[in-house]
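S.K.: Pasting run-v6.txt below, which is compact mmCIF, C-alpha atoms.
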```
# COMPACT_ATOMS: atom_id res chain seq x y z
CA MET A 1 -27.20 1.75 -9.24
CA ALA A 2 -27.34 -1.87 -10.25
CA ASP A 3 -28.94 -4.27 -7.77
CA ILE A 4 -27.13 -4.30 -4.46
CA THR A 5 -26.07 -7.74 -3.30
CA LYS A 6 -27.76 -9.17 -0.22
CA LYS A 7 -24.59 -9.10 1.87
CA ASN A 8 -23.81 -5.49 0.97
CA GLN A 9 -27.40 -4.46 1.72
CA GLU A 10 -27.45 -6.19 5.10
CA LEU A 11 -24.27 -4.39 6.15
CA ILE A 12 -25.59 -1.05 4.86
CA ASN A 13 -28.81 -1.48 6.86
CA PHE A 14 -26.79 -2.37 9.97
CA HIS A 15 -24.59 0.70 9.48
CA ASP A 16 -27.50 3.09 8.89
CA GLU A 17 -29.25 1.95 12.06
CA TYR A 18 -26.53 3.45 14.26
CA ILE A 19 -24.45 5.99 12.30
CA MET A 20 -25.63 9.51 11.41
CA GLY A 21 -26.42 10.01 7.74
CA THR A 22 -23.96 12.85 7.17
CA TYR A 23 -22.40 11.38 4.03
CA GLY A 24 -23.83 10.76 0.56
CA ARG A 25 -22.45 7.24 0.49
CA TYR A 26 -22.43 4.91 -2.49
CA PRO A 27 -24.21 1.60 -1.76
CA ILE A 28 -21.22 -0.70 -1.43
CA VAL A 29 -19.33 -1.93 1.63
CA LEU A 30 -15.58 -2.05 1.12
CA VAL A 31 -14.00 -4.71 3.30
CA GLU A 32 -10.43 -5.31 2.12
CA GLY A 33 -7.79 -4.36 -0.41
CA LYS A 34 -4.20 -4.50 -1.52
CA GLY A 35 -2.42 -1.73 -3.36
CA SER A 36 -4.92 0.06 -5.58
CA THR A 37 -7.41 -2.82 -5.83
CA LEU A 38 -10.24 -3.06 -3.28
CA LYS A 39 -13.03 -5.59 -2.64
CA ASP A 40 -16.60 -5.15 -1.42
CA ALA A 41 -18.54 -7.46 0.88
CA ASP A 42 -19.57 -9.64 -2.06
CA GLY A 43 -16.02 -10.03 -3.35
CA LYS A 44 -16.35 -7.67 -6.32
CA LYS A 45 -13.09 -5.89 -7.16
CA TYR A 46 -12.62 -2.16 -7.77
CA ILE A 47 -9.69 -0.12 -9.07
CA ASP A 48 -9.16 2.72 -6.60
CA PHE A 49 -8.66 6.20 -8.09
CA THR A 50 -9.54 7.84 -4.73
CA SER A 51 -7.09 6.54 -2.06
CA GLY A 52 -9.67 7.51 0.57
CA ILE A 53 -9.66 11.13 -0.73
CA GLY A 54 -5.88 11.27 -0.96
CA VAL A 55 -5.19 9.49 2.33
CA ASN A 56 -3.83 6.04 1.38
CA SER A 57 -0.63 7.37 -0.17
CA LEU A 58 0.86 3.87 -0.41
CA GLY A 59 -2.42 2.16 -1.25
CA ALA A 60 -4.18 -0.45 0.86
CA CYS A 61 -2.19 -2.60 3.30
CA ASN A 62 1.31 -1.62 2.19
CA ASP A 63 3.71 -4.17 3.72
CA ASN A 64 6.37 -1.70 4.93
CA TRP A 65 3.75 0.64 6.40
CA ILE A 66 2.08 -2.24 8.26
CA ALA A 67 5.47 -3.35 9.58
CA ALA A 68 6.24 0.16 10.87
CA ILE A 69 2.98 0.58 12.78
CA THR A 70 3.05 -3.01 14.05
CA ALA A 71 6.56 -2.54 15.46
CA GLN A 72 5.36 0.56 17.33
CA LEU A 73 2.19 -1.18 18.54
CA ASN A 74 4.37 -3.84 20.09
CA LYS A 75 6.14 -1.11 22.11
CA ILE A 76 3.39 1.30 23.23
CA GLN A 77 0.26 2.59 21.47
CA HIS A 78 -0.25 5.98 23.17
CA ILE A 79 1.17 8.31 25.77
CA SER A 80 -0.04 11.75 26.76
CA ASN A 81 1.81 14.87 25.71
CA TYR A 82 2.99 15.38 29.28
CA TYR A 83 5.81 13.06 28.20
CA TYR A 84 8.11 12.76 25.19
CA ASN A 85 8.01 10.02 22.56
CA ASP A 86 10.68 9.21 20.00
CA ALA A 87 8.31 8.36 17.15
CA SER A 88 6.90 11.89 16.95
CA ALA A 89 10.40 13.40 17.20
CA LYS A 90 11.68 11.30 14.28
CA LEU A 91 8.67 12.26 12.16
CA ALA A 92 9.05 15.92 13.13
CA GLU A 93 12.69 15.97 12.08
CA LYS A 94 11.90 14.45 8.69
CA LEU A 95 8.89 16.68 8.02
CA VAL A 96 10.53 19.93 9.16
CA LYS A 97 13.64 19.32 7.06
CA LEU A 98 11.63 18.41 3.95
CA ALA A 99 9.53 21.55 4.35
CA ASN A 100 12.54 23.74 5.17
CA MET A 101 10.63 24.93 8.22
CA LYS A 102 11.61 25.26 11.88
CA LYS A 103 8.93 23.62 14.06
CA VAL A 104 5.81 21.45 13.74
CA PHE A 105 2.71 20.74 15.82
CA PHE A 106 0.89 17.41 15.41
CA GLY A 107 -2.88 17.00 15.55
CA ASN A 108 -5.37 14.55 14.04
CA SER A 109 -6.94 16.02 10.90
CA GLY A 110 -6.76 18.67 8.23
CA ALA A 111 -9.36 20.87 9.86
CA GLU A 112 -7.47 20.67 13.15
CA ALA A 113 -4.22 21.58 11.39
CA ASN A 114 -5.87 24.61 9.80
CA GLU A 115 -7.40 25.64 13.13
CA GLY A 116 -3.91 25.56 14.62
CA ALA A 117 -2.52 27.63 11.77
CA ILE A 118 -5.25 30.23 12.34
CA LYS A 119 -4.41 30.41 16.05
CA LEU A 120 -0.70 30.66 15.33
CA ALA A 121 -1.16 33.53 12.87
CA ARG A 122 -3.43 35.48 15.20
CA LYS A 123 -1.17 34.94 18.22
CA TYR A 124 1.84 36.23 16.26
CA SER A 125 -0.07 39.34 15.22
CA PHE A 126 -1.50 39.91 18.72
CA ASP A 127 1.94 39.64 20.32
CA LYS A 128 3.43 42.16 17.90
CA TYR A 129 0.55 44.56 17.18
CA GLY A 130 -2.08 44.00 19.87
CA GLU A 131 -5.81 43.53 19.32
CA GLY A 132 -7.64 44.37 16.11
CA ARG A 133 -5.30 42.70 13.61
CA GLY A 134 -6.70 39.19 13.35
CA VAL A 135 -8.44 38.97 9.94
CA ILE A 136 -7.36 36.20 7.59
CA LEU A 137 -7.97 36.52 3.86
CA THR A 138 -8.84 33.32 2.00
CA LEU A 139 -9.83 32.67 -1.60
CA LYS A 140 -13.31 32.37 -3.01
CA ASP A 141 -13.94 28.70 -3.90
CA SER A 142 -11.55 27.60 -1.15
CA PHE A 143 -12.16 24.75 1.28
CA HIS A 144 -10.38 24.61 4.64
CA GLY A 145 -12.41 22.20 6.79
CA ARG A 146 -15.66 21.38 8.59
CA THR A 147 -15.09 22.85 12.06
CA MET A 148 -16.69 26.20 12.81
CA ALA A 149 -13.54 28.27 12.27
CA THR A 150 -12.42 26.39 9.14
CA LEU A 151 -15.93 26.59 7.71
CA ALA A 152 -15.82 30.33 8.33
CA ALA A 153 -12.50 30.38 6.45
CA THR A 154 -13.98 28.41 3.53
CA GLY A 155 -14.89 30.63 0.61
CA GLN A 156 -17.86 28.59 -0.64
CA SER A 157 -21.27 29.62 0.67
CA ILE A 158 -22.69 26.16 -0.11
CA PHE A 159 -20.96 24.89 3.05
CA HIS A 160 -22.14 27.74 5.27
CA ASN A 161 -25.89 27.33 5.52
CA TYR A 162 -27.49 26.13 8.79
CA PHE A 163 -24.48 26.79 11.01
CA PHE A 164 -24.68 30.51 11.76
CA PRO A 165 -23.28 32.43 13.56
CA PHE A 166 -19.70 31.77 12.51
CA PRO A 167 -16.51 32.93 14.21
CA GLN A 168 -15.50 36.32 12.86
CA GLY A 169 -12.29 37.39 11.18
CA PHE A 170 -12.34 36.03 7.62
CA ARG A 171 -12.80 37.76 4.25
CA PHE A 172 -12.66 36.30 0.76
CA ILE A 173 -10.79 37.43 -2.34
CA GLU A 174 -10.76 36.11 -5.90
CA ARG A 175 -8.00 33.69 -6.90
CA ASN A 176 -5.41 34.98 -9.37
CA ASN A 177 -6.68 38.58 -8.87
CA ILE A 178 -3.77 40.46 -7.33
CA GLU A 179 -5.51 43.84 -7.57
CA GLU A 180 -8.23 42.66 -5.20
CA LEU A 181 -5.59 41.71 -2.63
CA LYS A 182 -3.87 45.08 -3.00
CA ILE A 183 -7.15 46.90 -2.44
CA GLU A 184 -7.92 44.84 0.65
CA ILE A 185 -4.54 45.61 2.21
CA ALA A 186 -4.61 49.29 1.23
CA ASN A 187 -8.05 49.81 2.78
CA ASN A 188 -7.72 47.65 5.91
CA SER A 189 -5.19 47.49 8.75
CA ASP A 190 -6.76 44.42 10.40
CA ILE A 191 -5.20 41.68 8.24
CA CYS A 192 -2.78 39.23 9.85
CA ALA A 193 -2.57 36.48 7.22
CA VAL A 194 -3.48 35.20 3.76
CA MET A 195 -4.44 31.52 3.54
CA ILE A 196 -4.24 29.71 0.18
CA GLU A 197 -4.55 26.17 -1.19
CA PRO A 198 -1.85 25.73 -3.89
CA ILE A 199 -4.52 23.84 -5.84
CA GLN A 200 -8.17 24.12 -4.87
CA GLY A 201 -9.24 20.49 -4.57
CA GLU A 202 -12.84 20.40 -3.39
CA SER A 203 -14.02 23.10 -5.75
CA GLY A 204 -12.71 21.45 -8.91
CA ILE A 205 -8.89 21.07 -9.03
CA ASN A 206 -8.49 24.79 -9.70
CA LEU A 207 -4.85 25.71 -10.37
CA ILE A 208 -3.38 28.93 -8.95
CA CYS A 209 -1.04 31.01 -11.13
CA LYS A 210 2.63 31.05 -10.15
CA GLU A 211 2.95 34.78 -10.87
CA TYR A 212 -0.03 35.49 -8.61
CA ILE A 213 1.42 33.51 -5.70
CA GLN A 214 4.82 35.14 -6.06
CA GLU A 215 3.19 38.58 -5.96
CA VAL A 216 1.11 37.59 -2.92
CA TYR A 217 4.31 36.44 -1.22
CA LYS A 218 6.02 39.75 -1.96
CA ILE A 219 3.09 41.84 -0.71
CA CYS A 220 2.75 39.79 2.46
CA ASN A 221 6.46 40.20 3.24
CA GLU A 222 6.28 43.95 2.72
CA ASN A 223 3.36 44.27 5.14
CA ASP A 224 4.35 41.65 7.76
CA ILE A 225 1.27 39.63 6.81
CA LEU A 226 1.76 35.89 7.21
CA LEU A 227 1.33 33.55 4.25
CA ILE A 228 -0.33 30.22 5.08
CA PHE A 229 -0.42 27.35 2.61
CA ASP A 230 -3.17 24.80 3.17
CA GLU A 231 -1.51 21.64 1.83
CA ILE A 232 -4.02 19.23 3.37
CA GLN A 233 -4.80 17.68 -0.01
CA THR A 234 -1.83 18.82 -2.10
CA GLY A 235 0.96 17.97 0.34
CA ILE A 236 3.03 14.81 0.86
CA SER A 237 4.02 14.28 -2.79
CA ARG A 238 0.49 14.25 -4.21
CA THR A 239 1.43 16.75 -6.93
CA GLY A 240 4.85 15.30 -7.76
CA LYS A 241 6.65 17.47 -5.23
CA VAL A 242 6.64 16.85 -1.49
CA PHE A 243 4.85 20.20 -1.07
CA ALA A 244 2.90 21.79 -3.91
CA HIS A 245 4.09 25.28 -2.94
CA GLU A 246 7.52 24.24 -4.25
CA TYR A 247 6.14 24.86 -7.74
CA PHE A 248 5.87 28.56 -6.87
CA GLU A 249 9.51 28.82 -5.75
CA ILE A 250 8.57 30.54 -2.49
CA GLU A 251 8.32 29.47 1.14
CA PRO A 252 5.26 30.22 3.28
CA ASP A 253 5.36 31.23 6.93
CA ILE A 254 2.97 28.39 7.85
CA ALA A 255 2.05 25.18 6.03
CA THR A 256 -0.60 22.63 6.97
CA VAL A 257 -0.67 18.93 6.04
CA ALA A 258 -2.87 15.92 6.82
CA LYS A 259 -4.55 13.39 4.48
CA GLY A 260 -1.65 11.59 2.79
CA LEU A 261 0.79 11.93 5.68
CA GLY A 262 -0.59 9.11 7.83
CA GLY A 263 -0.97 6.58 5.02
CA GLY A 264 -4.42 5.68 6.34
CA LEU A 265 -4.26 6.63 10.02
CA PRO A 266 -5.48 10.03 11.26
CA ILE A 267 -2.90 12.80 11.53
CA GLY A 268 -2.67 16.51 10.82
CA ALA A 269 0.14 19.00 11.32
CA PHE A 270 1.01 22.64 10.94
CA LEU A 271 4.58 23.81 10.38
CA CYS A 272 6.11 27.24 10.84
CA ASN A 273 9.28 29.09 9.99
CA GLU A 274 11.83 30.60 12.37
CA LYS A 275 9.82 33.81 12.79
CA LEU A 276 6.99 31.89 14.45
CA GLU A 277 8.78 29.06 16.24
CA LYS A 278 8.25 30.49 19.76
CA THR A 279 4.80 32.04 19.23
CA LEU A 280 2.78 29.19 20.77
CA ASP A 281 4.38 28.52 24.13
CA ALA A 282 3.26 26.09 26.85
CA GLY A 283 -0.50 26.01 27.37
CA LYS A 284 -1.45 27.93 24.21
CA HIS A 285 -2.44 24.88 22.14
CA GLY A 286 -2.83 21.14 22.57
CA SER A 287 -4.25 17.85 21.30
CA THR A 288 -4.81 14.65 23.27
CA PHE A 289 -3.99 12.35 20.38
CA GLY A 290 -1.56 14.67 18.58
CA GLY A 291 1.79 12.99 17.95
CA ASN A 292 0.42 9.52 18.66
CA PRO A 293 3.44 7.19 18.33
CA VAL A 294 1.69 4.54 16.20
CA VAL A 295 0.41 7.09 13.70
CA CYS A 296 3.79 8.85 13.63
CA ALA A 297 5.62 5.58 12.96
CA GLY A 298 3.37 4.96 9.94
CA ALA A 299 3.70 8.55 8.75
CA LEU A 300 7.49 8.34 8.90
CA GLU A 301 7.39 5.27 6.65
CA VAL A 302 5.17 7.21 4.22
CA LEU A 303 7.54 10.19 4.17
CA ASN A 304 10.64 8.04 3.78
CA THR A 305 9.04 6.44 0.72
CA VAL A 306 7.29 9.29 -1.08
CA SER A 307 10.05 11.89 -0.65
CA GLN A 308 12.60 9.90 -2.67
CA PRO A 309 13.48 11.66 -5.98
CA GLU A 310 12.78 8.54 -8.04
CA PHE A 311 9.38 8.12 -6.38
CA LEU A 312 8.47 11.76 -7.11
CA SER A 313 9.51 11.26 -10.74
CA GLU A 314 7.19 8.25 -10.98
CA VAL A 315 4.29 10.28 -9.55
CA ASN A 316 4.78 12.87 -12.29
CA GLU A 317 5.23 10.22 -14.99
CA LYS A 318 2.07 8.39 -13.97
CA GLY A 319 0.11 11.64 -13.86
CA GLY A 320 1.28 12.49 -17.37
CA TYR A 321 0.50 8.96 -18.53
CA ILE A 322 -3.10 9.23 -17.28
CA VAL A 323 -3.60 12.61 -18.94
CA ASP A 324 -2.19 11.41 -22.28
CA LYS A 325 -4.47 8.36 -22.21
CA ILE A 326 -7.56 10.45 -21.44
CA LYS A 327 -6.71 12.89 -24.24
CA ASN A 328 -6.95 9.96 -26.64
CA PHE A 329 -10.46 9.01 -25.52
CA ASN A 330 -13.02 9.36 -28.27
CA SER A 331 -15.30 11.44 -26.06
CA SER A 332 -17.16 14.71 -26.47
CA SER A 333 -17.88 14.83 -22.72
CA ILE A 334 -14.48 16.28 -21.72
CA ILE A 335 -13.98 20.03 -21.56
CA GLU A 336 -10.64 20.29 -19.73
CA ILE A 337 -8.08 18.19 -17.85
CA ARG A 338 -6.46 19.83 -14.81
CA GLN A 339 -3.45 18.03 -13.38
CA LYS A 340 -0.39 18.20 -11.16
CA GLY A 341 1.21 14.85 -10.44
CA LEU A 342 -1.52 12.44 -9.34
CA MET A 343 -4.02 15.17 -8.50
CA ILE A 344 -6.27 15.20 -11.55
CA GLY A 345 -9.57 16.88 -12.41
CA LEU A 346 -11.67 16.10 -15.46
CA GLN A 347 -14.13 18.89 -16.27
CA LEU A 348 -17.17 17.42 -17.99
CA LYS A 349 -19.67 18.79 -20.46
CA LEU A 350 -22.88 17.89 -18.63
CA LYS A 351 -26.32 17.60 -20.12
CA ASN A 352 -29.32 19.20 -18.43
CA GLY A 353 -29.97 17.52 -15.11
CA GLU A 354 -26.65 15.67 -15.06
CA ALA A 355 -24.12 15.86 -12.25
CA PRO A 356 -20.58 14.48 -11.87
CA LYS A 357 -21.91 11.98 -9.36
CA ASP A 358 -23.92 10.33 -12.15
CA TYR A 359 -20.65 9.47 -13.89
CA ALA A 360 -19.05 8.41 -10.60
CA LYS A 361 -21.93 5.96 -10.03
CA LYS A 362 -21.50 4.47 -13.49
CA CYS A 363 -17.77 4.06 -12.85
CA LEU A 364 -18.58 2.34 -9.56
CA GLU A 365 -20.95 -0.11 -11.24
CA ASN A 366 -18.15 -1.02 -13.62
CA GLY A 367 -15.45 -1.47 -10.98
CA LEU A 368 -13.76 1.94 -10.72
CA LEU A 369 -13.81 4.27 -7.70
CA VAL A 370 -13.56 7.99 -8.52
CA LEU A 371 -14.33 11.27 -6.76
CA THR A 372 -16.20 14.41 -7.76
CA ALA A 373 -15.38 18.08 -7.16
CA GLY A 374 -17.26 21.30 -7.76
CA GLU A 375 -20.22 21.34 -10.12
CA ASP A 376 -18.78 19.52 -13.14
CA VAL A 377 -15.53 17.75 -12.29
CA LEU A 378 -14.52 14.11 -11.84
CA ARG A 379 -11.54 14.00 -9.48
CA PHE A 380 -8.82 11.35 -9.35
CA LEU A 381 -6.47 10.95 -6.36
CA PRO A 382 -5.11 7.42 -6.81
CA PRO A 383 -2.52 5.92 -4.45
CA LEU A 384 0.88 7.40 -5.30
CA ASN A 385 2.31 3.94 -5.93
CA ILE A 386 -0.52 2.74 -8.18
CA SER A 387 0.76 0.30 -10.83
CA TYR A 388 0.47 0.91 -14.55
CA ASP A 389 -1.66 -2.22 -14.86
CA GLU A 390 -4.13 -0.76 -12.33
CA ILE A 391 -4.06 2.59 -14.13
CA ASP A 392 -4.84 0.91 -17.44
CA ALA A 393 -7.67 -1.14 -15.90
CA GLY A 394 -9.20 1.97 -14.37
CA LEU A 395 -8.88 4.03 -17.54
CA LYS A 396 -10.51 1.27 -19.55
CA VAL A 397 -13.61 1.64 -17.36
CA LEU A 398 -13.46 5.44 -17.52
CA GLU A 399 -13.25 5.45 -21.32
CA LYS A 400 -16.27 3.16 -21.51
CA ILE A 401 -18.30 5.48 -19.28
CA LEU A 402 -17.29 8.68 -21.10
```
If you took the structure in this file and wrote it as structure tokens, what would it be?

M.R.:
Amino acid sequence: MADITKKNQELINFHDEYIMGTYGRYPIVLVEGKGSTLKDADGKKYIDFTSGIGVNSLGACNDNWIAAITAQLNKIQHISNYYYNDASAKLAEKLVKLANMKKVFFGNSGAEANEGAIKLARKYSFDKYGEGRGVILTLKDSFHGRTMATLAATGQSIFHNYFFPFPQGFRFIERNNIEELKIEIANNSDICAVMIEPIQGESGINLICKEYIQEVYKICNENDILLIFDEIQTGISRTGKVFAHEYFEIEPDIATVAKGLGGGLPIGAFLCNEKLEKTLDAGKHGSTFGGNPVVCAGALEVLNTVSQPEFLSEVNEKGGYIVDKIKNFNSSSIIEIRQKGLMIGLQLKLKNGEAPKDYAKKCLENGLLVLTAGEDVLRFLPPLNISYDEIDAGLKVLEKIL
């Protein structure tokens, strides 16, 4: 990295004195922003192609989002789930209808949403078949969270070391390999669910074949095995549809969402269809902060904005615009572009000893924030309402680096 300014360094030292070093942070302190342009402690500007890893759907400090959460803050900031609140009910109605589901449970994060989905699937199977039918199949290269159960469900061994023993009940199959799924089901009677990301984000923006998903759906229905879609990163219009599973023209039994739903405040949720709506009755699951009225008020503003047909069209148009621009770069470093909407992966041809983070650091030095994924991919998850001027400014930096 270039020399860190004194103010940035002082704040970094202050931070590191008290906060655990669990993240490979870049040496800048971001202090404010508007839209898709952020500033560090020294006033340097950055174009944001990350949106906080897909969280700030409407960018930084969106006026309507701020107004929604401020209005709720002026009423009441939190109540326990022993009582009802109208903000969570309004959000639930909107989310359930958009997903064509029946019920939703609100939590605080993607991992928590996936934990809830796991519990829901196992409870359904236990109620109907008794013990011994609780295994959930997930895909190799998947990522489902950092809690113990969601780590166990994650099909990447790089995340597993140090934390043994894991909760039992997960096995991994290869994506787009329907024969492997058929063999698993033919040889085992202990499977209650299959859990899939419509696009594998953390491992490199890996796309899943439509024909594969449709066959998985058919096999699951035939065997009363639940299909869970992990839409933590792909959901809430990130891919140009409100839910990425819409591209497959099927409906899962359970879907999980988080990241982009809150617009910057923490929320997670799992939704279920009519078959599962009464599976988790009173006392079977809970969350102190789940359905927080302030977060729900902000999330409803996000949903009302990003679910509009014209907004979804713009997400797809901007994604296509970025891809077309990158294709015209005079660069031998690009192997493949993987894209749905504004979820974009750039597979790089790396030299010996290089890593995607090296390119991300160079982008940072030149005023562009990007993400990495897998072993050789730069990942872009810009705010869904990023302007074309901000896109062009960011791509100008990216072209220079590549």

S.K.: List the spatial neighbours of Gly298 of chain A as a list in words - criterion: any atom at most 6 Å away, all atoms listed in the file, same-chain residues fewer than 4 positions off excluded.

M.R.: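 So the residues in contact are Trp65, Ala68 and Ile69 of chain A.
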
S.K.: Which residue out of A:Gly240, A:Leu280, A:Ala355, A:Phe105 has the minimum interatomic distance to Asn81 of chain A when all atoms listed in the file are used?

M.R.: A:Phe105

S.K.: Using only C-alpha atoms, pick whichever of A:Ile66, A:Ala269, A:Ile386, A:Leu312 has the shortest atom-to-atom distance to Gly286 of chain A.

M.R.: A:Ala269

S.K.: Taking 4 positions as the minimum chain separation for residues in the same chain, which residues sit within 10 Å of Ile53 of chain A when counting all atoms listed in the file? Answer as a VMD selection string.

M.R.: chain A and resid 49 57 233 259 to 260 370 to 371 379 to 383

S.K.: Residues of segment 270-333 of chain A that approach segment 110-127 of chain A to 10 Å or less, counting all atoms listed in the file: could you list each one with the shortest pair of atoms and its distance in Å to one decimal, rows by chain and increasing residue number, as JSON lines?

M.R.:
```
{"residue": "A:Phe270", "atom": "CA", "partner": "A:Ala113", "partner_atom": "CA", "distance": 5.4}
{"residue": "A:Leu271", "atom": "CA", "partner": "A:Ala117", "partner_atom": "CA", "distance": 8.2}
{"residue": "A:Cys272", "atom": "CA", "partner": "A:Ala117", "partner_atom": "CA", "distance": 8.7}
{"residue": "A:Lys275", "atom": "CA", "partner": "A:Tyr124", "partner_atom": "CA", "distance": 9.0}
{"residue": "A:Leu276", "atom": "CA", "partner": "A:Tyr124", "partner_atom": "CA", "distance": 7.0}
{"residue": "A:Glu277", "atom": "CA", "partner": "A:Leu120", "partner_atom": "CA", "distance": 9.7}
{"residue": "A:Lys278", "atom": "CA", "partner": "A:Tyr124", "partner_atom": "CA", "distance": 9.3}
{"residue": "A:Thr279", "atom": "CA", "partner": "A:Tyr124", "partner_atom": "CA", "distance": 5.9}
{"residue": "A:Leu280", "atom": "CA", "partner": "A:Leu120", "partner_atom": "CA", "distance": 6.6}
{"residue": "A:Lys284", "atom": "CA", "partner": "A:Lys119", "partner_atom": "CA", "distance": 9.0}
{"residue": "A:His285", "atom": "CA", "partner": "A:Gly116", "partner_atom": "CA", "distance": 7.7}
{"residue": "A:Gly286", "atom": "CA", "partner": "A:Gly116", "partner_atom": "CA", "distance": 9.2}
{"residue": "A:Ser287", "atom": "CA", "partner": "A:Glu112", "partner_atom": "CA", "distance": 9.2}
```

S.K.: Rank A:Ala67, A:Ala87, A:Val55, A:Ala149 by their smallest atom-to-atom distance to Val294 of chain A, using all atoms listed in the file, and report the top residue only.

M.R.: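 Of A:Ala67, A:Ala87, A:Val55, A:Ala149, the one nearest Val294 of chain A is A:Ala87, counting all atoms listed in the file.
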
S.K.: What gap, in Å, lies between atom CA of Gly291 of chain A and atom CA of Asn64 of chain A?

M.R.: 20.2 Å

S.K.: Distance atom CA of Asn176 of chain A-atom CA of Leu137 of chain A, one decimal place?

M.R.: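 Answer for the atom CA of Asn176 of chain A to atom CA of Leu137 of chain A separation: 13.6 Å.
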
S.K.: Considering all atoms listed in the file, return as a list in words whatever protein or nucleic-acid residues lie within 6 Å of Val194 of chain A, sequence-local ones (same chain, fewer than 2 positions apart) excluded.

M.R.: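 Within the cut-off, the hits are Ile136, Leu137, Thr138 and Leu227 of chain A.
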